[in-house]
>>> print(open('upload00.cif').read())   # mmCIF, C-alpha atoms
data_work
#
loop_
_atom_site.label_atom_id
_atom_site.label_comp_id
_atom_site.auth_asym_id
_atom_site.auth_seq_id
_atom_site.Cartn_x
_atom_site.Cartn_y
_atom_site.Cartn_z
CA MET M 25 5.89 -9.59 -15.09
CA ASP M 26 7.81 -6.33 -14.83
CA ASN M 27 7.45 -6.04 -11.08
CA PHE M 28 9.63 -8.93 -9.99
CA GLU M 29 12.36 -11.37 -10.91
CA VAL M 30 13.13 -14.67 -9.26
CA ARG M 31 16.47 -16.32 -8.52
CA LYS M 32 16.00 -19.94 -7.56
CA LEU M 33 18.43 -21.47 -5.10
CA ASP M 34 19.01 -25.04 -3.99
CA GLY M 35 16.81 -26.66 -1.37
CA HIS M 36 13.35 -25.21 -1.97
CA LYS M 37 14.62 -21.64 -1.67
CA ALA M 38 14.39 -18.57 -3.84
CA ILE M 39 15.04 -14.85 -3.80
CA VAL M 40 12.36 -12.59 -5.26
CA TYR M 41 13.52 -9.17 -6.44
CA LEU M 42 10.52 -6.86 -6.29
CA LYS M 43 10.63 -3.66 -8.32
CA GLY M 44 8.90 -0.33 -8.74
CA ARG M 45 5.62 0.71 -7.23
CA LEU M 46 3.62 -1.99 -5.45
CA ASP M 47 0.04 -0.79 -5.34
CA VAL M 48 -3.39 -2.37 -5.81
CA ALA M 49 -3.00 -2.23 -9.60
CA VAL M 50 -0.20 -4.83 -9.53
CA ALA M 51 -0.49 -6.55 -6.13
CA GLY M 52 -3.04 -9.18 -7.15
CA GLU M 53 -1.02 -10.31 -10.14
CA ILE M 54 2.21 -10.47 -8.13
CA GLU M 55 0.51 -12.56 -5.45
CA GLU M 56 -0.95 -14.93 -8.02
CA HIS M 57 2.40 -15.44 -9.77
CA LEU M 58 4.33 -15.96 -6.56
CA MET M 59 1.76 -18.40 -5.15
CA GLU M 60 2.02 -20.39 -8.40
CA LEU M 61 5.80 -20.34 -8.12
CA ILE M 62 5.67 -21.65 -4.54
CA GLU M 63 3.36 -24.44 -5.69
CA GLU M 64 5.23 -25.41 -8.85
CA GLU M 65 8.74 -25.17 -7.45
CA LYS M 66 7.76 -26.52 -4.04
CA LEU M 67 9.39 -23.51 -2.44
CA ARG M 68 9.54 -23.31 1.35
CA TYR M 69 11.90 -20.40 1.97
CA LEU M 70 11.61 -17.03 0.24
CA ILE M 71 13.57 -13.85 0.56
CA LEU M 72 11.87 -10.71 -0.74
CA ASN M 73 14.64 -8.34 -1.76
CA MET M 74 12.97 -4.92 -1.81
CA GLU M 75 15.93 -2.76 -2.76
CA SER M 76 14.14 -1.57 -5.92
CA VAL M 77 10.71 -1.02 -4.34
CA GLU M 78 10.24 2.72 -4.23
CA TYR M 79 6.64 2.72 -3.01
CA MET M 80 4.34 0.18 -1.38
CA SER M 81 0.71 0.58 -0.37
CA SER M 82 -1.27 -1.69 1.96
CA SER M 83 -2.08 -3.86 -1.07
CA GLY M 84 1.61 -4.76 -1.19
CA PHE M 85 1.64 -5.47 2.54
CA ARG M 86 -1.28 -7.82 2.09
CA VAL M 87 0.69 -9.78 -0.53
CA ALA M 88 3.64 -10.12 1.86
CA ILE M 89 1.31 -11.34 4.63
CA ALA M 90 -0.35 -13.85 2.28
CA LEU M 91 3.07 -15.22 1.27
CA LEU M 92 4.18 -15.44 4.89
CA ARG M 93 1.00 -17.34 5.80
CA ARG M 94 1.42 -19.76 2.91
CA LEU M 95 5.10 -20.47 3.61
CA LYS M 96 4.46 -20.91 7.35
CA ASP M 97 1.70 -23.41 6.50
CA GLU M 98 4.28 -25.32 4.45
CA GLY M 99 6.74 -25.26 7.36
CA GLY M 100 8.94 -22.64 5.73
CA SER M 101 9.60 -18.95 6.20
CA LEU M 102 9.65 -15.55 4.53
CA LYS M 103 12.42 -13.01 5.04
CA ILE M 104 12.49 -9.44 3.81
CA SER M 105 15.70 -7.65 2.94
CA ASN M 106 16.98 -4.30 1.68
CA LEU M 107 13.94 -2.21 2.60
CA ARG M 108 14.29 1.41 1.53
CA PRO M 109 13.87 3.85 4.42
CA ALA M 110 10.57 5.25 3.09
CA VAL M 111 9.02 1.78 2.83
CA LYS M 112 10.51 0.61 6.14
CA ARG M 113 8.96 3.63 7.86
CA ILE M 114 5.50 2.41 6.79
CA PHE M 115 6.34 -1.15 7.88
CA ASP M 116 7.10 0.35 11.29
CA VAL M 117 3.89 2.40 11.35
CA ILE M 118 1.77 -0.72 10.80
CA GLU M 119 4.07 -2.62 13.18
CA LEU M 120 4.78 -5.18 10.47
CA THR M 121 8.41 -5.31 11.53
CA THR M 122 7.14 -7.38 14.46
CA LEU M 123 5.60 -9.85 12.02
CA PHE M 124 8.38 -10.16 9.44
CA GLU M 125 12.04 -10.91 9.83
CA THR M 126 13.74 -8.01 8.10
CA PHE M 127 17.41 -7.73 7.17
CA ASP M 128 19.61 -4.92 5.92
CA SER M 129 21.19 -7.11 3.26
CA GLU M 130 20.34 -10.12 1.16
CA ASP M 131 23.43 -11.94 2.48
CA SER M 132 22.35 -11.56 6.09
CA ALA M 133 18.87 -12.89 5.21
CA LEU M 134 20.42 -15.80 3.30
CA ALA M 135 22.60 -16.68 6.29
CA THR M 136 19.49 -17.42 8.38
CA LEU M 137 18.05 -19.97 5.94
CA PRO M 138 18.59 -23.67 6.66
CA ASP M 139 21.23 -25.52 4.54
CA MET L 29 -1.07 23.68 -12.72
CA LYS L 30 -4.31 21.74 -12.43
CA ARG L 31 -5.03 20.86 -8.80
CA THR L 32 -8.40 19.17 -9.20
CA ASN L 33 -9.11 16.13 -11.31
CA GLU L 34 -11.80 13.53 -11.72
CA PHE L 35 -11.14 9.80 -11.97
CA LEU L 36 -13.14 6.62 -12.28
CA ALA L 37 -12.93 4.58 -9.07
CA ALA L 38 -11.11 1.60 -10.54
CA VAL L 39 -8.04 -0.36 -9.55
CA SER L 40 -6.44 0.40 -12.90
CA GLU L 41 -6.84 4.15 -12.23
CA ILE L 42 -4.86 4.16 -8.96
CA PRO L 43 -1.47 4.75 -10.68
CA ASN L 44 -3.00 7.70 -12.57
CA ILE L 45 -4.46 9.17 -9.38
CA THR L 46 -1.16 8.92 -7.48
CA ALA L 47 0.79 10.24 -10.49
CA PHE L 48 -1.50 13.29 -10.58
CA ALA L 49 -1.00 13.93 -6.86
CA GLU L 50 2.74 13.34 -7.13
CA ARG L 51 3.12 15.89 -9.94
CA ILE L 52 1.44 18.54 -7.79
CA MET L 53 3.63 17.75 -4.78
CA ILE L 54 6.80 17.85 -6.89
CA HIS L 55 5.65 21.24 -8.18
CA TRP L 56 5.22 22.38 -4.55
CA HIS L 57 8.65 21.00 -3.55
CA LEU L 58 7.27 19.05 -0.63
CA ASP L 59 9.80 17.06 1.39
CA ARG L 60 10.06 13.38 0.57
CA ASN L 61 8.45 11.96 3.73
CA THR L 62 5.48 14.34 3.62
CA ALA L 63 4.90 13.61 -0.06
CA TYR L 64 5.14 9.85 0.56
CA ASP L 65 2.61 10.02 3.42
CA VAL L 66 0.15 12.07 1.37
CA LEU L 67 0.54 9.83 -1.65
CA LEU L 68 -0.09 6.75 0.44
CA ALA L 69 -3.16 8.28 2.12
CA ILE L 70 -4.66 9.24 -1.26
CA ASP L 71 -3.82 5.79 -2.64
CA GLU L 72 -5.46 4.02 0.31
CA ALA L 73 -8.62 6.15 0.20
CA CYS L 74 -9.05 5.68 -3.55
CA THR L 75 -8.16 1.97 -3.36
CA ASN L 76 -10.91 1.50 -0.78
CA LEU L 77 -13.38 3.24 -3.07
CA SER L 78 -12.24 1.19 -6.05
CA THR L 79 -12.45 -2.17 -4.31
CA HIS L 80 -15.27 -1.83 -1.74
CA ALA L 81 -17.58 1.06 -2.53
CA LYS L 82 -20.92 0.77 -4.30
CA THR L 83 -23.57 3.12 -5.58
CA ALA L 84 -27.26 2.66 -4.93
CA SER L 85 -28.20 2.39 -8.60
CA GLY L 86 -25.06 0.67 -9.85
CA GLU L 87 -23.68 3.61 -11.80
CA PRO L 88 -19.87 4.02 -11.84
CA ILE L 89 -18.23 5.63 -8.84
CA MET L 90 -16.37 8.80 -9.68
CA ILE L 91 -13.64 10.34 -7.54
CA ILE L 92 -12.86 14.04 -7.51
CA LEU L 93 -9.44 14.71 -6.03
CA LYS L 94 -8.64 18.27 -5.01
CA MET L 95 -5.36 19.41 -3.46
CA ARG L 96 -4.54 22.80 -2.06
CA LYS L 97 -1.90 24.32 0.12
CA CYS L 98 -2.58 26.96 2.74
CA PHE L 99 -0.93 28.33 5.89
CA GLY L 100 1.62 25.53 6.18
CA PHE L 101 -0.86 22.73 5.59
CA LEU L 102 -1.69 20.57 2.64
CA CYS L 103 -5.41 19.93 2.30
CA ILE L 104 -6.60 16.96 0.24
CA ARG L 105 -10.26 16.52 -0.52
CA ILE L 106 -11.69 13.35 -2.03
CA VAL L 107 -15.31 13.52 -3.14
CA ASP L 108 -17.16 10.45 -4.36
CA ASN L 109 -20.72 9.42 -5.19
CA SER L 110 -20.81 6.07 -3.40
CA ILE L 111 -23.09 4.99 -0.59
CA TYR L 112 -22.08 5.57 3.03
CA TYR L 113 -18.90 4.18 4.45
CA ASP L 114 -17.83 4.90 7.99
CA ILE L 115 -14.14 5.63 7.84
CA GLU L 116 -14.07 7.31 11.23
CA ASN L 117 -15.25 4.23 13.11
CA ALA L 118 -13.37 1.61 11.12
CA PRO L 119 -11.58 -0.82 13.45
CA SER L 120 -7.80 -0.94 13.65
CA PRO L 121 -6.17 -3.77 11.71
CA ASP L 122 -5.43 -6.99 13.56
CA ILE L 123 -2.06 -8.29 12.39
CA GLN L 124 -2.46 -11.74 13.95
CA LYS L 125 -5.91 -12.21 12.37
CA ASN L 126 -4.42 -11.14 9.04
CA LEU L 127 -1.66 -13.70 9.46
CA SER L 128 -4.09 -16.48 10.33
CA GLY L 129 -6.28 -15.55 7.36
CA GLU L 130 -9.24 -14.89 9.64
CA LYS L 131 -9.35 -11.28 8.47
CA LYS L 132 -7.73 -9.61 5.49
CA GLY L 133 -6.58 -6.02 5.31
CA GLY L 134 -7.82 -3.09 7.35
CA PHE L 135 -4.47 -1.35 6.97
CA GLY L 136 -5.59 1.34 4.53
CA ILE L 137 -7.82 3.37 6.83
CA PHE L 138 -5.36 2.88 9.69
CA LEU L 139 -2.58 4.33 7.52
CA ILE L 140 -4.73 7.30 6.52
CA LYS L 141 -5.52 8.11 10.16
CA THR L 142 -1.94 7.58 11.29
CA LEU L 143 -0.10 9.44 8.53
CA MET L 144 -2.41 12.45 8.25
CA ASP L 145 -2.65 15.17 10.88
CA ARG L 146 -6.40 15.49 10.53
CA VAL L 147 -9.02 13.33 8.83
CA LYS L 148 -12.62 14.40 8.47
CA TYR L 149 -15.46 12.53 6.84
CA LYS L 150 -18.73 14.08 5.78
CA ARG L 151 -21.78 12.51 4.19
CA THR L 152 -23.57 14.72 1.67
CA ASN L 153 -26.73 14.34 -0.40
CA ASN L 154 -24.67 13.11 -3.33
CA GLY L 155 -22.03 10.98 -1.66
CA ASN L 156 -19.04 11.40 0.61
CA VAL L 157 -16.36 14.00 1.25
CA LEU L 158 -13.12 12.89 2.84
CA THR L 159 -10.83 15.73 3.90
CA MET L 160 -7.28 14.95 4.93
CA VAL L 161 -4.87 17.57 6.25
CA LYS L 162 -1.11 17.22 6.50
CA LYS L 163 1.24 19.73 8.05
CA ILE L 164 3.96 20.76 5.61
CA ARG L 165 7.47 20.78 7.02
#
>>> encode(input="upload00.cif", output="structure tokens")
Amino acid sequence: MDNFEVRKLDGHKAIVYLKGRLDVAVAGEIEEHLMELIEEEKLRYLILNMESVEYMSSSGFRVAIALLRRLKDEGGSLKISNLRPAVKRIFDVIELTTLFETFDSEDSALATLPD
Amino acid sequence: MKRTNEFLAAVSEIPNITAFAERIMIHWHLDRNTAYDVLLAIDEACTNLSTHAKTASGEPIMIILKMRKCFGFLCIRIVDNSIYYDIENAPSPDIQKNLSGEKKGGFGIFLIKTLMDRVKYKRTNNGNVLTMVKKIR
């Protein structure tokens, strides 16, 4: 897929680099791929690095919520890092910043994951 | 520049719809936040039509998007031929119910109402007219 890349880390962790415009046309496919990845790699902790996401509609937010629900069910967590101001503004409007742990940098998100 | 266009209400058409609106807003030199809000509102309205709306006889749903600028406001009109949907009385999204999986979504209409300065819905003989107005900075 063109809209994300994955860097796997040790200990059931991975960083997902989302890219481009996350709208309804791509959201379903991204969700399906990432859910498969969680299943196959037995991932428990994900960081969504959104530095390259220039636009995100509610379809993208729904994917993030679905991933958060899945990882919480598995006893893990989802962190979001590097939100662009335009996207963060919409996160704030929907009050999703109260739902997700968001970080300014990937390193600061990584530092909160268990060893 | 063309300011009215017709699209099929389909998920695959959403990038074309937003690209059309974006071209107009670039042409008008709208500031980044205003353009983003308008783009998102158009996206959410057309996504709702593409994923939820139906017609009585099963014919395809068509969307006519019209954008115009007047007296410091941007006026966006979305006309479609689907059966009634009540955007004005749609409930606000419940984040906790979304997280538990009890309810999915509901953010689209909330975003439209929050990001636009005025939202008006009208049922006509042939379908629906959604008018969204955004003050231009």
>>> residues_around(input="upload00.cif", residues="Ser129 in chain M", least_positions_apart="2", cutoff="10 Å", atoms="all atoms listed in the file", output="VMD selection string")
chain M and resid 73 to 75 104 to 107 126 to 127 131 to 134
>>> resolve_selection(input="upload00.cif", expression="the PyMOL selection byres ((chain M) within 6 of (chain L))", output="list in words")
Ala49, Ser82 and Arg93 of chain M
>>> resolve_selection(input="upload00.cif", expression="the PyMOL selection byres ((chain M and resi 58-66) around 12)", output="PDB file with C-alpha atoms, in the coordinates of the input")
ATOM      1  CA  MET M  25       5.890  -9.590 -15.090  1.00  0.00           C
ATOM      2  CA  ASN M  27       7.450  -6.040 -11.080  1.00  0.00           C
ATOM      3  CA  PHE M  28       9.630  -8.930  -9.990  1.00  0.00           C
ATOM      4  CA  GLU M  29      12.360 -11.370 -10.910  1.00  0.00           C
ATOM      5  CA  VAL M  30      13.130 -14.670  -9.260  1.00  0.00           C
ATOM      6  CA  ARG M  31      16.470 -16.320  -8.520  1.00  0.00           C
ATOM      7  CA  LYS M  32      16.000 -19.940  -7.560  1.00  0.00           C
ATOM      8  CA  LEU M  33      18.430 -21.470  -5.100  1.00  0.00           C
ATOM      9  CA  ASP M  34      19.010 -25.040  -3.990  1.00  0.00           C
ATOM     10  CA  GLY M  35      16.810 -26.660  -1.370  1.00  0.00           C
ATOM     11  CA  HIS M  36      13.350 -25.210  -1.970  1.00  0.00           C
ATOM     12  CA  LYS M  37      14.620 -21.640  -1.670  1.00  0.00           C
ATOM     13  CA  ALA M  38      14.390 -18.570  -3.840  1.00  0.00           C
ATOM     14  CA  ILE M  39      15.040 -14.850  -3.800  1.00  0.00           C
ATOM     15  CA  VAL M  40      12.360 -12.590  -5.260  1.00  0.00           C
ATOM     16  CA  TYR M  41      13.520  -9.170  -6.440  1.00  0.00           C
ATOM     17  CA  LEU M  42      10.520  -6.860  -6.290  1.00  0.00           C
ATOM     18  CA  ALA M  51      -0.490  -6.550  -6.130  1.00  0.00           C
ATOM     19  CA  GLY M  52      -3.040  -9.180  -7.150  1.00  0.00           C
ATOM     20  CA  GLU M  53      -1.020 -10.310 -10.140  1.00  0.00           C
ATOM     21  CA  ILE M  54       2.210 -10.470  -8.130  1.00  0.00           C
ATOM     22  CA  GLU M  55       0.510 -12.560  -5.450  1.00  0.00           C
ATOM     23  CA  GLU M  56      -0.950 -14.930  -8.020  1.00  0.00           C
ATOM     24  CA  HIS M  57       2.400 -15.440  -9.770  1.00  0.00           C
ATOM     25  CA  LEU M  67       9.390 -23.510  -2.440  1.00  0.00           C
ATOM     26  CA  ARG M  68       9.540 -23.310   1.350  1.00  0.00           C
ATOM     27  CA  TYR M  69      11.900 -20.400   1.970  1.00  0.00           C
ATOM     28  CA  LEU M  70      11.610 -17.030   0.240  1.00  0.00           C
ATOM     29  CA  ILE M  71      13.570 -13.850   0.560  1.00  0.00           C
ATOM     30  CA  LEU M  72      11.870 -10.710  -0.740  1.00  0.00           C
ATOM     31  CA  VAL M  87       0.690  -9.780  -0.530  1.00  0.00           C
ATOM     32  CA  ALA M  88       3.640 -10.120   1.860  1.00  0.00           C
ATOM     33  CA  ALA M  90      -0.350 -13.850   2.280  1.00  0.00           C
ATOM     34  CA  LEU M  91       3.070 -15.220   1.270  1.00  0.00           C
ATOM     35  CA  LEU M  92       4.180 -15.440   4.890  1.00  0.00           C
ATOM     36  CA  ARG M  93       1.000 -17.340   5.800  1.00  0.00           C
ATOM     37  CA  ARG M  94       1.420 -19.760   2.910  1.00  0.00           C
ATOM     38  CA  LEU M  95       5.100 -20.470   3.610  1.00  0.00           C
ATOM     39  CA  LYS M  96       4.460 -20.910   7.350  1.00  0.00           C
ATOM     40  CA  ASP M  97       1.700 -23.410   6.500  1.00  0.00           C
ATOM     41  CA  GLU M  98       4.280 -25.320   4.450  1.00  0.00           C
ATOM     42  CA  GLY M  99       6.740 -25.260   7.360  1.00  0.00           C
ATOM     43  CA  GLY M 100       8.940 -22.640   5.730  1.00  0.00           C
ATOM     44  CA  SER M 101       9.600 -18.950   6.200  1.00  0.00           C
ATOM     45  CA  LEU M 102       9.650 -15.550   4.530  1.00  0.00           C
TER      46      LEU M 102
END
>>> resolve_selection(input="upload00.cif", expression="the PyMOL selection byres ((chain L and resi 86-92) around 8)", output="number ranges by chain")
L: 32-37, 74, 77-78, 81-85, 93-94, 105-110
>>> residues_around(input="upload00.cif", residues="Asp47 in chain M", least_positions_apart="6", cutoff="7 Å", atoms="all atoms listed in the file", output="PDB file with C-alpha atoms, in the coordinates of the input")
ATOM      1  CA  MET M  80       4.340   0.180  -1.380  1.00  0.00           C
ATOM      2  CA  SER M  81       0.710   0.580  -0.370  1.00  0.00           C
ATOM      3  CA  SER M  83      -2.080  -3.860  -1.070  1.00  0.00           C
ATOM      4  CA  GLY M  84       1.610  -4.760  -1.190  1.00  0.00           C
TER       5      GLY M  84
END
>>> atom_distance(input="upload00.cif", atom1="CA of Gly44 in chain M", atom2="CA of Ala135 in chain M")
26.1 Å
>>> atom_distance(input="upload00.cif", atom1="CA of Ile140 in chain L", atom2="CA of Ser76 in chain M")
24.3 Å
>>> axis_aligned_box(input="upload00.cif", around="range 78-94 of chain M", padding_each_side="8 Å", output="AutoDock Vina command-line options")
--center_x 4.1 --center_y -8.5 --center_z 0.8 --size_x 28.3 --size_y 38.5 --size_z 26.0
>>> atom_distance(input="upload00.cif", atom1="CA of Phe85 in chain M", atom2="CA of Thr122 in chain M")
13.3 Å
>>> residues_around(input="upload00.cif", residues="Lys97 in chain L", least_positions_apart="2", cutoff="10 Å", atoms="all atoms listed in the file", output="ChimeraX atom specification")
/L:53,56,95,99-104,161-164
>>> closest_residue(input="upload00.cif", among="L:Arg96, L:Ala47, L:His55, L:Met160", to="Arg31 in chain L", atoms="all atoms listed in the file")
L:Arg96
>>> residues_near_point(input="upload00.cif", point="(9.8, 3.9, -1.7)", cutoff="6 Å", atoms="all atoms listed in the file", output="list in words")
Val77, Glu78, Tyr79, Ala110 and Val111 of chain M
>>> closest_residue(input="upload00.cif", among="L:Met29, L:Ala63, L:Ala73, L:Ile115", to="Ile45 in chain L", atoms="all atoms listed in the file")
L:Ala73
>>> closest_residue(input="upload00.cif", among="M:Lys43, M:Thr136, M:Glu130, M:Arg86", to="Ile118 in chain M", atoms="all atoms listed in the file")
M:Arg86
